[in-house]
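S.K.: Got a structure here, written out as structure tokens. Questions coming.
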Amino acid sequence: MYKRKIVAFSFLSIVLVVLAVITIVWSSFVTAKQIQQINMANSLLSEHLKLSSTSYRLFKQLTDEILFGDQANQAKVRNKRALVSESLGKIKVLERQQRETAGEEYTQGTIEDTDDLEKIIDSIIYSLEGISKLPLSEIENEMKFILEEKIDVEFRDSINSAVVRQTNVVKAFNARIDAMNVTIFWVSIGLGFLAVVLMGVGVWVLVNSVTRPLSAISDAADAIGKGDFSYRVPRGFDREFDQIAVLFNVMTEKLQIQHLSEDQARLELEYKVSQRTTELMAVNAELAKSDSVRRSFLADISHELRTPLTIIRGEAQVALRHSDRDVRDYQDALTCIHEQAISLSHLVDDLLFVARTDSGTMRIDKRNVEITALADEVIRDMRSLADKNDVSLEASYPVPVFAVIDPDRIKQLFIILVENALSYAGEGSSVKVSVMKQQDKAVVRVTDDGVGIDPRDIPFVFERFYRGGRSSSRSKGVGLGLAVAKSIIDAHEGKINLESDLGKGTSIEIELPCEESV
């Protein structure tokens, strides 16, 4: 569109230049023609004046010839007659040319009057030349008639009329030249004014067509430079500038998308950094807690190891120091040493289990086993501990339940759970063990009505080396039992849940994948 405006403006400029050239050429041509006509008219006027002067001289010489006879200069007479004929010939030629160029309107009667004038001159010359043949008495009257009537009246009126007429032609040509000059002047003024107006309008249209889109693009660039990526260049300009606006808006949209992506990436990075910082803080807190637990564990394990070792060393020293002791005393000492050795062995086994769990080297030998038989075996083994603690140990598994498990690890798990329940159940209380099948899971539940667990301790009971506030003198562990149980359940891809009410008792439920008996 803008290209069309430039082409139109260029075409308009060319048209104006062509008009100006045509005007100049036309005015030059008209002026040259008018000058030619005025020169011709002036030449014709000069010839009329010359004809008048030459004719009067010729008439005078002819008159002198009549009056003075042979004394007159015949050479001059012939010369004057030749000049008169020459002037008449030029006048006729010029009058025909003048009529052809100026038209009959300006030269009406000129050629005809010249013919009449030529006849008058010829008549006067003929009359003057014929006077000498008249009688002397008639010569004076004829001379008087020729001079007064033909020369002073007829010839003078005719030549004066021709001169006046040609003078009027010259004036008319001059007036026409003046009118033509005025016309050319005003045409030039009009064309100049029209050119100025059209050029001004064209320049204004072109400048406005450029400045408006450039101003809009400048405003858009300024807005984008200030971070306003939602700003768009308006449309409605020429096609070329609309295309630039479209490209500019596409670029702005891409910048906006990129900016939003950067903001999104920055927010995501901040979120990830914040999340990672929170995780690191949590890990750091966990490490600090683990370090505190480790320190407590080291203190507890030192105490747990020291106590049986002290007993073993004391019993051995006593047995070795008194040689007069009987066999029963030695048996009691050895029995005590054996019990403490077993306690140490259990402690070391738990520590090794924890170490293998941490290193990922714990081996699980799964097979299809009747889990109710394992529970029954553990119940029989724990009867003596239940009787010792004055706790009723009950079992409930009405139908055999099979599960895909490692029997040794699951038996260890049952022992931990039952022993834990017996240790924390009060005298005269009861511990119940039940085994049942729910869908494709074997569910084992160990419930006691003992002291229960403080709600603040429940989230930590499966952590290693943790010993809650319910620990009592009957609790001989170091806080590894439930942590080991949790590791065994995780190795079997099962679940373990604990529910407890302080002062009312605790219930631990585990789920293991089961399989029908074959």
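Residues in the structure tokens are numbered from 1 in each chain, the chains being A, B, ... in the order shown, and ligands are numbered from 1 in the order shown.
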Pick out the residues sitting within 9 Å of stretch 157-161 of chain A, and hand them over as a list in words; count only C-alpha atoms, and ignore anything fewer than 2 positions along from it in its own chain.
M.R.: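 The contact residues come out as His48, Leu49, Leu51, Ser52, Asp113, Thr114, Asp116, Leu117, Ile120, Ile151, Asp152, Val153, Glu154, Phe155, Val163, Val164, Arg165 and Gln166 of chain A.
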S.K.: How close does each residue of stretch 435-514 of chain A get to stretch 381-395 of chain A, giving the shortest atom pair and distance in Å to one decimal for every residue with an atom at most 12 Å away, counting only C-alpha atoms, sorted by chain and residue number, as CSV?
M.R.:
residue,atom,partner,partner_atom,distance
A:Val435,CA,A:Ala395,CA,8.3
A:Met436,CA,A:Ala395,CA,11.4
A:Val444,CA,A:Ala395,CA,10.7
A:Arg445,CA,A:Ala395,CA,10.1
A:Val446,CA,A:Ala395,CA,9.3
A:Thr447,CA,A:Glu394,CA,9.8
A:Asp448,CA,A:Leu393,CA,9.3
A:Asp449,CA,A:Val391,CA,10.1
A:Gly450,CA,A:Val391,CA,9.9
A:Arg474,CA,A:Asn389,CA,9.1
A:Ser475,CA,A:Asn389,CA,11.8
S.K.: At a cut-off of 12 Å, using only C-alpha atoms, what residues contact stretch 233-241 of chain A? Leave out same-chain residues fewer than 6 positions from it and give the result as a VMD selection string.
M.R.: chain A and resid 1 to 6 205 to 206 208 to 224 247 to 253
S.K.: Mind writing the picked residues with C-alpha atoms as a short mmCIF file (atom, residue, chain, number, x, y, z; two decimals), in the first residue's frame?
M.R.:
data_model
loop_
_atom_site.label_atom_id
_atom_site.label_comp_id
_atom_site.auth_asym_id
_atom_site.auth_seq_id
_atom_site.Cartn_x
_atom_site.Cartn_y
_atom_site.Cartn_z
CA MET A 1 0.00 0.00 0.00
CA TYR A 2 2.77 2.44 0.89
CA LYS A 3 4.61 1.40 -2.27
CA ARG A 4 1.49 2.34 -4.25
CA LYS A 5 1.44 5.73 -2.56
CA ILE A 6 5.07 6.31 -3.53
CA VAL A 205 0.29 11.71 3.15
CA LEU A 206 3.68 10.02 2.73
CA ASN A 208 2.01 10.70 7.90
CA SER A 209 2.04 7.16 6.49
CA VAL A 210 5.60 6.75 7.77
CA THR A 211 5.50 8.65 11.07
CA ARG A 212 2.34 6.97 12.44
CA PRO A 213 3.61 3.36 12.20
CA LEU A 214 7.12 4.40 13.24
CA SER A 215 5.68 6.17 16.29
CA ALA A 216 3.59 3.07 17.13
CA ILE A 217 6.63 0.80 16.77
CA SER A 218 8.70 3.23 18.86
CA ASP A 219 6.05 3.20 21.62
CA ALA A 220 5.97 -0.62 21.48
CA ALA A 221 9.76 -0.84 21.71
CA ASP A 222 9.74 1.56 24.68
CA ALA A 223 7.02 -0.48 26.43
CA ILE A 224 8.88 -3.75 25.82
CA LEU A 247 6.38 -9.55 12.75
CA PHE A 248 7.03 -7.21 15.68
CA ASN A 249 4.03 -8.59 17.58
CA VAL A 250 5.15 -12.17 16.86
CA MET A 251 8.60 -11.32 18.20
CA THR A 252 7.02 -9.70 21.28
CA GLU A 253 4.83 -12.76 21.85
#
S.K.: Just list as a ChimeraX atom specification whatever in stretch 394-432 of chain A DSSP marks as strand (DSSP E or B).
M.R.: /A:394-396,402-405,430-432
S.K.: What's the 12 Å shell around stretch 371-377 of chain A, counting only C-alpha atoms, without same-chain residues fewer than 4 positions away, as a ChimeraX atom specification?
M.R.: /A:367,381-383,393-418,432-437,441-446,511-517
S.K.: What does the structure give for the distance between atom CA of A:Thr506 and atom CA of A:Asn420, in Å to one decimal?
M.R.: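 Atom-to-atom, atom CA of A:Thr506 and atom CA of A:Asn420 are spaced 10.4 Å apart.
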S.K.: Mind checking which residues fall within 10 Å of A:Gly192, counting only C-alpha atoms, ignoring those fewer than 6 positions away in the same chain, and posting them as an MDAnalysis selection string?
M.R.: chainID A and resid 16 20 186 198
